[in-house]
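Here is the structure we will look at.
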Amino acid sequence: MSTELNETQTEAAQSPAELGGATTVGETDERTRAEWVDHEFDGDAKIAVEDLNVYYGDDHALTDISMEIPEGSVTALIGPSGCGKSTFLRCLNRMNDRIGSARIEGSVRIDGEEVYRDRADLVELRKRVGMVFQQPNPFPKSIRDNVSYGPRKHGDLDTTFLSRLLGRDDVDEEASLVEEALEQAALWEEVNDRLDDNALGLSGGQQQRLCIARCLATDPDVILMDEPASALDPIATAKIEDLIEELAEEYTVVVVTHNMQQAARVSDQTAVFLTGGELVEYGDTDQIFENPESQRVEDYVTGKFG
Amino acid sequence: MSGATEYDLVREDTSTLELGAGATVGFAVVLFGFGLAGLFELVAVTESVAGVQLPRLLGGLLTLASAALAWFGVASHRGLVPTDPRPSAGVVAATGAAGVWFVVGGLVGSQTLGFGTVGWLALALLAGAVGFAATALPREDLGTTLPVAALTGLGGLALLTDVIGPDWAWSPVGLRATFAAPIAIPIIVLFCSLLVGWAGAKAYGGFGARGRHLGAYALVYLNVLSILGVLVGLLAFVFTKGAPVVVQGITVGPGAGPETTIRLFGFAHTVVWPVDWPFVMNGVSLYAEVSGVLPAIVGTVWLVVGAVLFAVPLGVGAAVFLAEYAEEGRFTQVVEVATNALWSTPSIVFGLFGYAFLVPRFGGSKSLLSGMLTLGFMLLPLVVITSREAMLAVPDDYRDASAALGVSKWQTIRSVVVPASLPGVITGVILGVGRIAGETAPILLTMAGATEPSAAETADVVGGFALSSSPPFVTNPALLEATSALPYQLYAIISAGVGGDAAFGWGTALVLLVVVLTFYAVGIASRTYFRRKLHE
Ligand SMILES: Nc1ncnc2c1ncn2[C@@H]1O[C@H](COP(=O)(O)OP(=O)(O)OP(=O)(O)O)[C@@H](O)[C@H]1O
Ligand SMILES: [Mg+2]
């Protein structure tokens with residue numbers, strides 16, 4: 001059914017455009033598909049996804065996704081709404097397991113270790129693969145407690161009553177950690193005088209940045225961001241984009257965005273998902289935006305379709 | 001209506017008229033409050049004020065209000081008052097009017113005129129039909145005001161002309177009861193002022209949509225007023241009856257009060273209270289000038305504390321399991337039904353359970369501990385139900401966020417879910433404590449001691465703790481002794497007539513009320529604290 005859809009679209013797209021050689025766009029798609037698996041990049045593959053399929057009940061949300069994500073880079077996921085970007089992102093830290101109707105097939109390896117083994121330690125996985133959600137979801141706690149929540153629960157910060165009694169408290173350490181994380185998320189300026197206020201009292205955009213700070217504070221290896229700038233003004237967005245580029249020196253960042261310019265600005269690789277949960281093209285960002293191999297991708301990134 | 005007023009040159013007049021309708025409403029509210037106060041004997045309606053008998057005065061005021069109402073309706077119909085009435089007052093209003101007229105017609109037919117069943121029924125039906133027609137058929141302004149004015153005018157005139165006076169009494173045929181003026185007059189006033197308030201508010205709004213809105217508003221408002229009135233009246237009633245007993249013989253000054261020895265694991269410390277409050281600090285005693293309820297107060301407080309300490313940890317634990325770990329399905333449904341059924345189980349059944357199961361296991365005689373556990377079992381289902389609801393209401397977003405940070409499920413429950421659900425849990429405990437603190441039946445069966453406990457029979461739970469060298473290592477004889485509790489003592493006083501007169505009972509009731517309200521206050525304060533923490 002989806003091939004049919006492709007063909008009609010292809011014809012419609014082709015008719016006004018140059019119809020050069022005998023190769024149809026459908027064949028180009030096939031060719032690129034073969035290329036993704038050994039997509040060339042410098043360094044090791046941090047995340048390797050192979051033949052990933054996700055179903056929500058009978059709904060096939062992701063189809064045969066294979067891609068490798070290099071360490072210390074920014075990968076952008078773009079595509080129209082409902083094409084499965086969030087679903088893909090949630091597969092990488094197994095958050096989809098929490099959705100009752102979701103069924104996942106295929107393999108995801110992080111540092112060469114299979115994430116979908118039966119005995120995988122989800123807590124450890126999610127410590128390593130942090131996530132910023134599409135909807136900001138701070139805890140109903142103070143701003144400080146939100147940021148230090150992860151480290152405390154991991155035992156990296158000891159600020160319990162007992163340790164305070166024993167004079168072993170990590171209050172200073174907590175303060176510097178909170179400051180650093182909020183600073184990175186471009187929120188410190190706005191909230192440094194009210195760290196004890198409840199986080200639910202922040203604006204939507206502030207909450208979003210708080211969630212980024214909360215994720216950074218746990219110091220993961222991989223950071224998954226689902227539209228981290230969707231509720232931000234241009235200035236805060238620019239700061240978040242700077243942050244993403246900065247993060248890429250230490251971390252591996254995967255970011256979903258609806259904003260093509262943003263994807264073009266911040267990412268090293270771009271993956272284009274299209275309706276039906278297919279990964280249509282994956283490659284260097286420059287190449288995807290300037291010279292995509294797939295006609296559908298070209299239409300999408302130039303705004304003709306999507 | 002505003003359009004009409006804008007072009008009206010004689011604005012003064014209009015606003016005076018509006019003011020008149022508004023004043024009628026205000027008038028109705030005052031009369032309504034007066035009726036309520038009369039009903040609870042806070043105001044003696046059969047007395048005279050400045051030489052005028054109160055019923056006559058009320059009757060006059062009602063008549064005046066109904067005349068104003070009728071005049072406003074007619075003036076609106078004639079176009080003297082700019083209003084915006086609909087063609088009819090509507091079926092709802094007409095049905096209400098029909099009901100009211102039916103009752104009034106029936107009462108007048110059967111009681112005043114002495115008709116037989118057929119006669120009064122016919123009259124009632126006729127009156128109902130007339131009421132319906134008179135409300136539904138004319139334009140809204142007339143349909144709203146005239147039937148109400150007629151009815152309240154009737155009531156007002158009956159009072160004014162002494163047809164229903166201070167000595168009036170009504171013994172309904174076939175009922176062995178008598179309704180005297182102190183009940184009947186407040187009810188008539190309440191009822192008429194409710195109607196006047198509704199119609200007056202509609203008139204004030206100029207009928208139409210705005211008028212209906214205001215009319216409904218007045219009804220709702222008066223309804224709330226009456227509920228509050230009933231509550232306040234009840235409290236005031238208990239207070240006026242109980243307070244004189246409770247405050248007897250209070251003296252203040254250093255050394256005025258009794259000595260108390262506070263013991264804990266063998267250490268003792270004696271304090272002399274700077275206040276002497278006999279009713280609260282004495283037991284029942286022939287030698288004391290004023291007998292008091294100290295053992296019962298202490299018994300009730302320990303009962304509630306024990307039941308809460310027993311039920312809350314267990315209940316919250318069960319709720320955590322049900323809300324967080326158990327798969328939603330057949331099992332949780334069964335548990336839900338079972339807990340609901342347990343909560344609705346009559347308290348005497350719990351009492352019997354305690355009597356048959358707990359008492360033999362704790363030394364074979366009734367004891368404080370049996371009472372605590374029995375009430376704890378009663379409290380448990382409510383704590384489970386409300387805690388589970390509160391936990392299910394915690395958004396999944398929090399759980400997802402916590403999981404995505406690599407935090408284990410148990411830590412998430414402890415640091416996110418339970419704190420977020422605490423206000424709901426506390427609400428459940430508050431409701432439950434309100435119920436168990438006043439329970440009599442289970443106490444009767446499981447822990448009740450003397451009906452007239454002396455001060456020496458006060459349970460010394462704190463001082464009772466002692467260490468021992470053999471298991472269970474900590475013993476507390478106070479927990480294993482029978483003691484009294486406020487509702488139980490109250491019941492004993494009233495039903496058996498022992499230990500004093502009814503006044504002593506009212507004093508006990510007032511103290512019980514204050515103890516329960518204190519528990520409430522503590523609960524509500526802590527709930528507010530935790531809510532603040534979640535949202536501010
Ligand atoms: N919890 C769920 N249960 C059932 N179906 C779901 C669920 N979450 C997503 N889906 C379906 O999976 C498909 C992909 O959804 P997904 O949220 O991954 O899209 P997306 O690319 O992130 O879209 P957007 O850009 O709007 O966020 C959609 O068709 C959606 O309806
Ligand atoms: Mg999404």
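How things are named: the first chain in the structure tokens is A, the next is B, and so on; residues count from 1 in each chain; ligands count from 1 in the order shown.
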
Worksheet entry | Test item: residues no farther than 8 Å from ligand 2, counting only C-alpha atoms and all ligand atoms, as number ranges by chain | A: 81-82, 84-87, 134, 226-227, 256

Worksheet entry | Residues of chain A within 10 Å of chain B, only C-alpha atoms counted, as number ranges by chain | A: 90, 93-95, 98, 121-133, 135-142, 149-154, 196-201, 211, 214-220

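Reported to one decimal place, the separation of atom CA of B:Ala307 from atom CA of B:Phe321 is 21.2 Å.
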
Worksheet entry | DSSP helix (DSSP H, G or I) residues within stretch 259-291 of chain A, listed as a PyMOL selection string | chain A and resi 260-266+285-290

Residues just named, written with all heavy atoms as a compact mmCIF listing (two decimals), in the first residue's frame:
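Result file follows (part-v3.txt):
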```txt
# COMPACT_ATOMS: atom_id res chain seq x y z
N MET A 260 13.65 22.74 10.15
CA MET A 260 14.71 22.32 9.22
C MET A 260 15.99 23.11 9.43
O MET A 260 17.09 22.56 9.41
CB MET A 260 14.28 22.54 7.78
CG MET A 260 12.97 21.94 7.41
SD MET A 260 13.09 20.18 7.29
CE MET A 260 11.37 19.83 7.14
N GLN A 261 15.80 24.42 9.63
CA GLN A 261 17.00 25.25 9.80
C GLN A 261 17.76 24.80 11.03
O GLN A 261 18.99 24.73 11.02
CB GLN A 261 16.62 26.73 9.97
CG GLN A 261 16.21 27.41 8.68
CD GLN A 261 14.78 27.08 8.31
OE1 GLN A 261 13.99 26.72 9.18
NE2 GLN A 261 14.42 27.16 7.04
N GLN A 262 16.99 24.49 12.07
CA GLN A 262 17.64 24.05 13.29
C GLN A 262 18.43 22.76 13.04
O GLN A 262 19.60 22.65 13.42
CB GLN A 262 16.60 23.80 14.37
CG GLN A 262 17.18 23.57 15.72
CD GLN A 262 16.09 23.51 16.76
OE1 GLN A 262 15.21 22.66 16.70
NE2 GLN A 262 16.12 24.44 17.70
N ALA A 263 17.78 21.83 12.36
CA ALA A 263 18.47 20.57 12.05
C ALA A 263 19.73 20.86 11.26
O ALA A 263 20.81 20.33 11.54
CB ALA A 263 17.53 19.65 11.28
N ALA A 264 19.62 21.74 10.27
CA ALA A 264 20.77 22.05 9.43
C ALA A 264 21.88 22.72 10.22
O ALA A 264 23.06 22.47 10.01
CB ALA A 264 20.33 22.97 8.28
N ARG A 265 21.49 23.56 11.17
CA ARG A 265 22.49 24.28 11.95
C ARG A 265 23.24 23.38 12.91
O ARG A 265 24.45 23.45 13.02
CB ARG A 265 21.83 25.41 12.75
CG ARG A 265 21.60 26.68 12.00
CD ARG A 265 21.32 27.82 12.96
NE ARG A 265 20.11 27.61 13.74
CZ ARG A 265 18.90 28.03 13.38
NH1 ARG A 265 18.74 28.68 12.25
NH2 ARG A 265 17.87 27.80 14.14
N VAL A 266 22.50 22.56 13.67
CA VAL A 266 23.16 21.89 14.79
C VAL A 266 23.67 20.50 14.51
O VAL A 266 24.54 20.00 15.22
CB VAL A 266 22.24 21.80 16.03
CG1 VAL A 266 21.81 23.18 16.48
CG2 VAL A 266 21.05 20.91 15.76
N THR A 285 24.41 15.81 7.22
CA THR A 285 23.38 16.84 7.17
C THR A 285 23.49 17.68 5.89
O THR A 285 22.50 17.96 5.23
CB THR A 285 23.49 17.72 8.42
OG1 THR A 285 23.26 16.90 9.55
CG2 THR A 285 22.49 18.85 8.38
N ASP A 286 24.74 18.04 5.54
CA ASP A 286 24.92 18.87 4.35
C ASP A 286 24.34 18.19 3.12
O ASP A 286 23.63 18.80 2.32
CB ASP A 286 26.42 19.12 4.11
CG ASP A 286 27.00 19.94 5.25
OD1 ASP A 286 26.19 20.52 6.01
OD2 ASP A 286 28.24 19.98 5.37
N GLN A 287 24.66 16.91 3.05
CA GLN A 287 24.21 16.17 1.86
C GLN A 287 22.69 16.07 1.83
O GLN A 287 22.06 16.25 0.80
CB GLN A 287 24.86 14.79 1.86
CG GLN A 287 24.45 13.90 0.71
CD GLN A 287 23.58 12.75 1.19
OE1 GLN A 287 23.88 12.12 2.18
NE2 GLN A 287 22.50 12.51 0.46
N ILE A 288 22.07 15.80 3.02
CA ILE A 288 20.61 15.65 3.07
C ILE A 288 19.93 16.94 2.64
O ILE A 288 18.95 16.95 1.92
CB ILE A 288 20.15 15.28 4.50
CG1 ILE A 288 20.68 13.93 4.92
CG2 ILE A 288 18.63 15.33 4.61
CD1 ILE A 288 19.97 12.76 4.35
N PHE A 289 20.48 18.07 3.09
CA PHE A 289 19.78 19.32 2.79
C PHE A 289 20.13 19.88 1.43
O PHE A 289 19.34 20.59 0.83
CB PHE A 289 20.07 20.35 3.90
CG PHE A 289 19.24 20.11 5.13
CD1 PHE A 289 19.74 19.41 6.20
CD2 PHE A 289 17.92 20.57 5.17
CE1 PHE A 289 18.96 19.18 7.31
CE2 PHE A 289 17.13 20.33 6.28
CZ PHE A 289 17.66 19.63 7.35
N GLU A 290 21.36 19.58 0.97
CA GLU A 290 21.75 20.18 -0.31
C GLU A 290 21.54 19.25 -1.48
O GLU A 290 21.21 19.69 -2.58
CB GLU A 290 23.21 20.62 -0.24
CG GLU A 290 23.35 21.97 0.44
CD GLU A 290 24.75 22.15 1.00
OE1 GLU A 290 25.68 21.49 0.49
OE2 GLU A 290 24.91 22.93 1.96
```

Worksheet item: Within 9 Å of ligand 1, counting only C-alpha atoms and all ligand atoms, which protein or nucleic acid residues do you find, written as a count of residues only?
Response: 38

Discussion item. So that I can check the surroundings of B:Met447, please list as an MDAnalysis selection string every protein, DNA and RNA residue that reaches within 7 Å of it, counting only C-alpha atoms and ignoring chain neighbours fewer than 5 positions away.
Written reply: chainID B and resid 366:368 370:371 482:483

File of the preceding selection, N, CA, C and O atoms, as a short mmCIF file (atom, residue, chain, number, x, y, z; two decimals), in the first residue's frame:
```
data_model
loop_
_atom_site.label_atom_id
_atom_site.label_comp_id
_atom_site.auth_asym_id
_atom_site.auth_seq_id
_atom_site.Cartn_x
_atom_site.Cartn_y
_atom_site.Cartn_z
N LYS B 366 -11.72 -6.95 77.79
CA LYS B 366 -11.73 -5.79 76.90
C LYS B 366 -10.53 -4.91 77.19
O LYS B 366 -10.15 -4.73 78.35
N SER B 367 -9.96 -4.34 76.14
CA SER B 367 -8.76 -3.54 76.36
C SER B 367 -8.63 -2.44 75.32
O SER B 367 -9.23 -2.50 74.24
N LEU B 368 -7.84 -1.45 75.68
CA LEU B 368 -7.57 -0.33 74.77
C LEU B 368 -7.00 -0.85 73.45
O LEU B 368 -7.37 -0.40 72.37
N SER B 370 -7.42 -3.74 71.94
CA SER B 370 -8.46 -4.33 71.09
C SER B 370 -9.26 -3.24 70.40
O SER B 370 -9.61 -3.35 69.22
N GLY B 371 -9.58 -2.19 71.18
CA GLY B 371 -10.35 -1.09 70.60
C GLY B 371 -9.58 -0.41 69.48
O GLY B 371 -10.13 -0.14 68.40
N ALA B 482 -9.09 -2.16 80.17
CA ALA B 482 -10.29 -1.51 79.66
C ALA B 482 -10.25 -0.04 80.03
O ALA B 482 -9.68 0.33 81.05
N THR B 483 -10.79 0.79 79.19
CA THR B 483 -10.87 2.20 79.52
C THR B 483 -12.11 2.78 78.88
O THR B 483 -12.85 2.07 78.21
#
```

Excluding B:Ile524 and any residue of its chain fewer than 4 positions from it, enumerate the residues within 9 Å of it, using only C-alpha atoms, and give them as a PDB file with N, CA, C and O atoms, in the first residue's frame.
```pdb
ATOM      1  N   ILE B 426      -4.154  12.046  53.069  1.00  0.00           N
ATOM      2  CA  ILE B 426      -4.556  12.707  54.310  1.00  0.00           C
ATOM      3  C   ILE B 426      -6.051  12.985  54.318  1.00  0.00           C
ATOM      4  O   ILE B 426      -6.720  12.833  55.341  1.00  0.00           O
ATOM      5  N   THR B 427      -6.597  13.360  53.154  1.00  0.00           N
ATOM      6  CA  THR B 427      -8.043  13.563  53.076  1.00  0.00           C
ATOM      7  C   THR B 427      -8.778  12.311  53.540  1.00  0.00           C
ATOM      8  O   THR B 427      -9.732  12.386  54.316  1.00  0.00           O
ATOM      9  N   ILE B 430      -8.532  11.946  57.270  1.00  0.00           N
ATOM     10  CA  ILE B 430      -9.395  12.910  57.958  1.00  0.00           C
ATOM     11  C   ILE B 430     -10.831  12.384  58.007  1.00  0.00           C
ATOM     12  O   ILE B 430     -11.479  12.354  59.051  1.00  0.00           O
ATOM     13  N   PHE B 519      -8.855  16.997  65.753  1.00  0.00           N
ATOM     14  CA  PHE B 519      -8.230  16.055  64.826  1.00  0.00           C
ATOM     15  C   PHE B 519      -8.360  16.561  63.386  1.00  0.00           C
ATOM     16  O   PHE B 519      -7.420  16.500  62.593  1.00  0.00           O
ATOM     17  N   TYR B 520      -9.542  17.067  63.055  1.00  0.00           N
ATOM     18  CA  TYR B 520      -9.771  17.635  61.725  1.00  0.00           C
ATOM     19  C   TYR B 520      -8.773  18.744  61.445  1.00  0.00           C
ATOM     20  O   TYR B 520      -8.163  18.801  60.374  1.00  0.00           O
ATOM     21  N   THR B 528      -2.815  20.974  54.004  1.00  0.00           N
ATOM     22  CA  THR B 528      -2.483  22.251  53.375  1.00  0.00           C
ATOM     23  C   THR B 528      -0.975  22.396  53.227  1.00  0.00           C
ATOM     24  O   THR B 528      -0.479  22.845  52.190  1.00  0.00           O
ATOM     25  N   TYR B 529      -0.246  21.955  54.262  1.00  0.00           N
ATOM     26  CA  TYR B 529       1.201  22.052  54.204  1.00  0.00           C
ATOM     27  C   TYR B 529       1.749  21.253  53.019  1.00  0.00           C
ATOM     28  O   TYR B 529       2.544  21.749  52.215  1.00  0.00           O
TER      29      TYR B 529
END
```

Fill in: Atom pair atom CA of B:Gly449 / atom CA of B:Gly283: separation (Å)
13.3 Å

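Taking only C-alpha atoms, the non-local environment of stretch 137-147 of chain B within 7 Å (same-chain residues fewer than 2 positions away omitted) comprises Leu69, Ala70, Gly73, Val74, Ser76, His77, Pro85, Arg86, Pro87, Ser88, Ala89, Gly131, Ala133, Ala134, Thr135, Ala149, Ala150, Leu151, Ala199 and Phe207 of chain B.
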
Fill in: Residue among A:Val74, A:Ala181, A:Ala213, A:Ile143 lying closest to A:Ser267, counting only C-alpha atoms
A:Val74

Within 9 Å of B:Pro186 using only C-alpha atoms, minus same-chain residues under 2 positions, as an mmCIF file with C-alpha atoms, in the first residue's frame:
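Writing the result to around_20.cif gives the following:
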```cif
data_model
loop_
_atom_site.group_PDB
_atom_site.id
_atom_site.type_symbol
_atom_site.label_atom_id
_atom_site.label_comp_id
_atom_site.auth_asym_id
_atom_site.auth_seq_id
_atom_site.Cartn_x
_atom_site.Cartn_y
_atom_site.Cartn_z
ATOM 1 C CA PHE B 32 -34.622 33.712 55.566
ATOM 2 C CA PHE B 34 -34.339 34.991 60.670
ATOM 3 C CA GLY B 35 -36.427 31.922 59.904
ATOM 4 C CA LEU B 36 -33.359 29.706 60.287
ATOM 5 C CA ALA B 37 -32.446 31.289 63.588
ATOM 6 C CA GLY B 38 -36.003 30.806 64.753
ATOM 7 C CA LEU B 39 -35.966 27.159 63.758
ATOM 8 C CA VAL B 45 -40.301 33.781 67.489
ATOM 9 C CA ALA B 181 -45.938 27.923 66.623
ATOM 10 C CA PRO B 182 -42.179 27.949 67.424
ATOM 11 C CA ILE B 183 -41.702 25.412 64.620
ATOM 12 C CA ALA B 184 -44.463 26.427 62.244
ATOM 13 C CA ILE B 188 -43.558 29.577 56.985
ATOM 14 C CA VAL B 189 -41.098 32.466 57.049
ATOM 15 C CA LEU B 190 -38.326 30.352 55.531
ATOM 16 C CA PHE B 191 -40.535 29.093 52.808
#
```

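The list of residues with at least one atom within 12 Å of B:Gly153, based on only C-alpha atoms and without residues fewer than 6 positions apart in the same chain, reads B:Leu58, B:Gly59, B:Gly60, B:Leu61, B:Leu62, B:Thr63, B:Leu64, B:Ala65, B:Ser66, B:Ala67, B:Ala68, B:Leu69, B:Ala70, B:Thr145, B:Leu146, B:Pro147, B:Leu159, B:Leu160, B:Thr161, B:Ile188, B:Val189, B:Cys192, B:Ser193, B:Leu195, B:Val196.
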
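Of note, atom CA of B:Glu457 and atom CA of B:Val433 are spaced 24.4 Å apart.
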